>>> print(open('model-v8.csv').read())   # CSV, C-alpha atoms
chain,number,residue,atom,x,y,z
A,1,MET,CA,-20.5,5.8,2.5
A,2,THR,CA,-19.0,9.2,1.8
A,3,VAL,CA,-16.4,8.9,4.5
A,4,PHE,CA,-15.5,5.4,3.2
A,5,GLY,CA,-15.2,6.7,-0.4
A,6,VAL,CA,-13.0,9.6,0.6
A,7,GLY,CA,-10.8,7.2,2.6
A,8,CYS,CA,-10.6,4.9,-0.4
A,9,ALA,CA,-9.6,7.9,-2.5
A,10,GLY,CA,-6.7,8.5,-0.1
A,11,GLY,CA,-5.6,4.9,-0.6
A,12,ILE,CA,-5.7,5.3,-4.3
A,13,VAL,CA,-3.5,8.4,-4.1
A,14,ALA,CA,-1.0,6.4,-2.0
A,15,GLU,CA,-0.8,3.9,-4.9
A,16,ILE,CA,-0.5,6.6,-7.5
A,17,LEU,CA,2.4,8.1,-5.6
A,18,HIS,CA,4.1,4.7,-5.5
A,19,TRP,CA,3.9,4.5,-9.3
A,20,TRP,CA,4.9,8.1,-9.7
A,21,ASN,CA,8.1,7.4,-7.9
A,22,LEU,CA,8.8,4.6,-10.4
A,23,ARG,CA,8.3,6.7,-13.4
A,24,GLN,CA,12.1,7.1,-14.1
A,25,ALA,CA,13.1,3.6,-13.3
A,26,GLU,CA,15.0,1.9,-16.1
A,27,GLN,CA,12.8,-1.2,-15.8
A,28,LEU,CA,9.4,-1.5,-14.2
A,29,PRO,CA,9.1,-4.0,-11.4
A,30,ALA,CA,8.0,-7.6,-12.2
A,31,TYR,CA,5.2,-7.4,-9.7
A,32,ARG,CA,3.3,-4.9,-11.9
A,33,VAL,CA,1.5,-7.9,-13.6
A,34,SER,CA,1.0,-10.0,-10.5
A,35,LEU,CA,-2.6,-10.6,-9.5
A,36,PHE,CA,-1.4,-11.0,-5.9
A,37,TYR,CA,0.1,-7.5,-6.0
A,38,TRP,CA,-3.1,-5.9,-7.4
A,39,GLY,CA,-5.3,-7.9,-5.0
A,40,VAL,CA,-3.3,-6.7,-2.0
A,41,THR,CA,-3.4,-3.2,-3.4
A,42,ALA,CA,-7.1,-3.3,-3.7
A,43,ALA,CA,-7.3,-4.5,-0.1
A,44,MET,CA,-5.1,-1.6,1.1
A,45,ILE,CA,-7.3,0.9,-0.7
A,46,ILE,CA,-10.4,-0.7,0.9
A,47,ALA,CA,-8.6,-0.7,4.3
A,48,GLY,CA,-8.0,3.1,3.9
A,49,GLY,CA,-11.7,3.6,3.4
A,50,PHE,CA,-12.6,1.2,6.3
A,51,VAL,CA,-10.3,2.8,8.8
A,52,ALA,CA,-11.6,6.3,7.9
A,53,TRP,CA,-15.2,5.0,8.4
A,54,LEU,CA,-14.1,3.2,11.6
A,55,TYR,CA,-12.6,6.4,13.0
A,56,PHE,CA,-15.4,8.8,12.0
A,57,GLY,CA,-18.5,6.9,11.2
A,58,GLY,CA,-20.7,8.8,8.8
A,59,ARG,CA,-19.4,12.3,9.6
A,60,ALA,CA,-16.0,13.7,9.0
A,61,GLU,CA,-14.2,16.6,7.4
A,62,GLY,CA,-13.2,15.5,3.9
A,63,ILE,CA,-9.5,16.3,4.3
A,64,ILE,CA,-9.3,14.3,7.5
A,65,ALA,CA,-10.9,11.2,6.1
A,66,PHE,CA,-8.7,11.6,3.0
A,67,HIS,CA,-5.6,11.8,5.3
A,68,VAL,CA,-6.6,8.7,7.2
A,69,GLY,CA,-7.2,6.9,3.9
A,70,ILE,CA,-3.8,7.8,2.5
A,71,SER,CA,-1.9,7.1,5.8
A,72,THR,CA,-3.5,3.6,6.4
A,73,PRO,CA,-1.5,1.8,3.7
A,74,LEU,CA,1.7,3.5,4.8
A,75,ILE,CA,1.2,2.6,8.4
A,76,LEU,CA,0.4,-1.0,7.5
A,77,GLN,CA,3.6,-1.0,5.3
A,78,LYS,CA,5.7,0.1,8.2
A,79,LEU,CA,4.1,-2.4,10.6
A,80,VAL,CA,4.8,-5.3,8.2
A,81,THR,CA,8.3,-4.4,7.3
A,82,SER,CA,9.3,-3.9,11.0
A,83,VAL,CA,8.6,-7.5,11.8
A,84,PRO,CA,12.0,-9.3,12.1
A,85,GLN,CA,12.9,-11.7,9.4
A,86,PRO,CA,13.7,-15.3,10.3
A,87,ALA,CA,17.4,-16.3,10.6
A,88,GLY,CA,19.1,-17.8,7.7
A,89,ALA,CA,21.2,-17.1,4.7
A,90,LYS,CA,20.7,-13.6,3.3
A,91,ASN,CA,23.2,-13.6,0.5
A,92,VAL,CA,21.5,-16.2,-1.7
A,93,ILE,CA,20.1,-14.7,-4.9
A,94,ALA,CA,16.7,-16.2,-5.4
A,95,ARG,CA,13.4,-14.8,-6.4
A,96,PRO,CA,11.2,-14.8,-3.3
A,97,ALA,CA,7.7,-16.2,-3.4
A,98,PRO,CA,4.9,-13.5,-3.2
A,99,SER,CA,4.1,-12.6,0.3
A,100,LEU,CA,2.7,-9.6,2.3
A,101,ARG,CA,6.2,-8.8,3.5
A,102,ASN,CA,7.5,-8.6,-0.1
A,103,PHE,CA,4.5,-6.5,-1.1
A,104,PHE,CA,5.2,-3.9,1.4
A,105,THR,CA,9.0,-3.6,0.7
A,106,TRP,CA,8.7,-1.5,-2.5
>>> encode(input="model-v8.csv", output="structure tokens")
Amino acid sequence: MTVFGVGCAGGIVAEILHWWNLRQAEQLPAYRVSLFYWGVTAAMIIAGGFVAWLYFGGRAEGIIAFHVGISTPLILQKLVTSVPQPAGAKNVIARPAPSLRNFFTW
């Protein structure tokens, strides 16, 4: 459980860094009150802990487990945003429905 917890701590730090980068924004993003956003955020934090546990089992150096935990959400973000978007009009101004792709394009 320690490796899992340290991995989750890394996932939390990734989220804190995201909000730290938004500290000087003129307007906070609308998704800050979305249950979908916070649900996916919790899933990414848990994924960080799970991947650290998957890699190392019950024994790992703390900093390595933390590193895996912080990098897991970032790797998943890169994977999701690299999937090609379907063809269609791109210049229509509309608020997109919540999706995993939109979650990862902050």
>>> atom_distance(input="model-v8.csv", atom1="CA of Ala25 (chain A)", atom2="CA of Pro73 (chain A)")
22.5 Å
>>> residues_around(input="model-v8.csv", residues="region 48-56 of chain A", least_positions_apart="6", cutoff="6 Å", atoms="only C-alpha atoms", output="list in words")
Val3, Phe4, Gly7, Cys8, Gly11, Ala65, Val68, Gly69 and Thr72 of chain A
>>> closest_residue(input="model-v8.csv", among="A:Trp19, A:Ile12, A:Val83, A:Gln27", to="Ala42 (chain A)", atoms="only C-alpha atoms")
A:Ile12
>>> atom_distance(input="model-v8.csv", atom1="CA of Ser71 (chain A)", atom2="CA of Val40 (chain A)")
15.9 Å
>>> atom_distance(input="model-v8.csv", atom1="CA of Val33 (chain A)", atom2="CA of Lys78 (chain A)")
23.6 Å
>>> closest_residue(input="model-v8.csv", among="A:Leu74, A:Ala60, A:Leu22, A:Val6", to="Thr41 (chain A)", atoms="all atoms listed in the file")
A:Leu74
>>> closest_residue(input="model-v8.csv", among="A:Leu35, A:Ile70, A:Met44, A:Ile64", to="Ala9 (chain A)", atoms="all atoms listed in the file")
A:Ile70
>>> closest_residue(input="model-v8.csv", among="A:His18, A:Arg59, A:Gly10, A:Ile45", to="Arg32 (chain A)", atoms="all atoms listed in the file")
A:His18
>>> closest_residue(input="model-v8.csv", among="A:Gly58, A:Pro29, A:Ala14, A:Gly39", to="Gln77 (chain A)", atoms="only C-alpha atoms")
A:Ala14
>>> decode(input="model-v8.csv", residues="region 13-94 of chain A", atoms="C-alpha atoms", output="JSON list (two decimals), in the first residue's frame")
[["chain", "number", "residue", "atom", "x", "y", "z"],
["A", 13, "VAL", "CA", 1.25, 16.77, -7.43],
["A", 14, "ALA", "CA", 0.54, 16.63, -11.19],
["A", 15, "GLU", "CA", -2.92, 18.09, -10.52],
["A", 16, "ILE", "CA", -1.53, 20.74, -8.17],
["A", 17, "LEU", "CA", 0.93, 21.80, -10.87],
["A", 18, "HIS", "CA", -1.94, 22.11, -13.35],
["A", 19, "TRP", "CA", -3.79, 24.51, -11.02],
["A", 20, "TRP", "CA", -0.55, 26.33, -10.17],
["A", 21, "ASN", "CA", -0.13, 27.11, -13.88],
["A", 22, "LEU", "CA", -3.65, 28.59, -13.92],
["A", 23, "ARG", "CA", -3.04, 30.91, -10.97],
["A", 24, "GLN", "CA", -2.55, 34.01, -13.12],
["A", 25, "ALA", "CA", -5.36, 33.29, -15.58],
["A", 26, "GLU", "CA", -7.86, 36.12, -15.90],
["A", 27, "GLN", "CA", -10.73, 33.66, -15.65],
["A", 28, "LEU", "CA", -10.66, 30.16, -14.18],
["A", 29, "PRO", "CA", -11.78, 27.39, -16.54],
["A", 30, "ALA", "CA", -15.44, 26.38, -16.53],
["A", 31, "TYR", "CA", -14.56, 22.74, -15.89],
["A", 32, "ARG", "CA", -13.42, 23.54, -12.35],
["A", 33, "VAL", "CA", -16.96, 22.83, -11.12],
["A", 34, "SER", "CA", -17.60, 19.78, -13.33],
["A", 35, "LEU", "CA", -18.11, 16.47, -11.57],
["A", 36, "PHE", "CA", -16.84, 14.77, -14.73],
["A", 37, "TYR", "CA", -13.56, 16.66, -14.47],
["A", 38, "TRP", "CA", -13.03, 15.81, -10.80],
["A", 39, "GLY", "CA", -14.03, 12.18, -11.40],
["A", 40, "VAL", "CA", -11.45, 11.80, -14.16],
["A", 41, "THR", "CA", -8.91, 13.63, -12.00],
["A", 42, "ALA", "CA", -9.48, 11.15, -9.18],
["A", 43, "ALA", "CA", -9.12, 8.30, -11.69],
["A", 44, "MET", "CA", -5.79, 9.72, -12.89],
["A", 45, "ILE", "CA", -4.51, 10.00, -9.32],
["A", 46, "ILE", "CA", -5.51, 6.39, -8.64],
["A", 47, "ALA", "CA", -3.95, 5.35, -11.97],
["A", 48, "GLY", "CA", -0.67, 6.91, -10.81],
["A", 49, "GLY", "CA", -0.76, 4.79, -7.67],
["A", 50, "PHE", "CA", -1.83, 1.67, -9.55],
["A", 51, "VAL", "CA", 0.91, 1.94, -12.19],
["A", 52, "ALA", "CA", 3.53, 2.47, -9.48],
["A", 53, "TRP", "CA", 2.25, -0.61, -7.67],
["A", 54, "LEU", "CA", 2.11, -2.55, -10.96],
["A", 55, "TYR", "CA", 5.73, -1.69, -11.72],
["A", 56, "PHE", "CA", 7.20, -2.31, -8.30],
["A", 57, "GLY", "CA", 4.78, -4.41, -6.24],
["A", 58, "GLY", "CA", 5.33, -3.82, -2.56],
["A", 59, "ARG", "CA", 8.93, -2.59, -2.72],
["A", 60, "ALA", "CA", 10.28, 0.53, -4.38],
["A", 61, "GLU", "CA", 12.37, 3.55, -3.68],
["A", 62, "GLY", "CA", 10.01, 6.33, -2.67],
["A", 63, "ILE", "CA", 11.23, 8.82, -5.25],
["A", 64, "ILE", "CA", 10.89, 6.29, -8.07],
["A", 65, "ALA", "CA", 7.31, 5.41, -7.09],
["A", 66, "PHE", "CA", 6.56, 9.14, -6.82],
["A", 67, "HIS", "CA", 8.05, 9.73, -10.27],
["A", 68, "VAL", "CA", 5.92, 6.98, -11.81],
["A", 69, "GLY", "CA", 2.85, 8.40, -10.08],
["A", 70, "ILE", "CA", 3.45, 11.92, -11.36],
["A", 71, "SER", "CA", 4.29, 10.78, -14.89],
["A", 72, "THR", "CA", 1.33, 8.44, -15.38],
["A", 73, "PRO", "CA", -1.31, 11.19, -15.83],
["A", 74, "LEU", "CA", 1.06, 13.08, -18.13],
["A", 75, "ILE", "CA", 1.70, 10.01, -20.29],
["A", 76, "LEU", "CA", -2.03, 9.26, -20.50],
["A", 77, "GLN", "CA", -2.67, 12.89, -21.46],
["A", 78, "LYS", "CA", -0.17, 12.63, -24.29],
["A", 79, "LEU", "CA", -1.67, 9.35, -25.50],
["A", 80, "VAL", "CA", -5.23, 10.70, -25.56],
["A", 81, "THR", "CA", -4.35, 13.98, -27.26],
["A", 82, "SER", "CA", -2.29, 12.25, -29.96],
["A", 83, "VAL", "CA", -5.31, 10.31, -31.28],
["A", 84, "PRO", "CA", -6.44, 11.98, -34.53],
["A", 85, "GLN", "CA", -9.70, 13.90, -34.40],
["A", 86, "PRO", "CA", -12.49, 12.96, -36.81],
["A", 87, "ALA", "CA", -12.83, 15.01, -39.97],
["A", 88, "GLY", "CA", -15.32, 17.85, -39.99],
["A", 89, "ALA", "CA", -15.71, 21.55, -39.47],
["A", 90, "LYS", "CA", -13.14, 22.93, -37.04],
["A", 91, "ASN", "CA", -14.10, 26.60, -37.14],
["A", 92, "VAL", "CA", -17.54, 26.27, -35.56],
["A", 93, "ILE", "CA", -17.64, 27.91, -32.16],
["A", 94, "ALA", "CA", -19.50, 25.55, -29.87]]
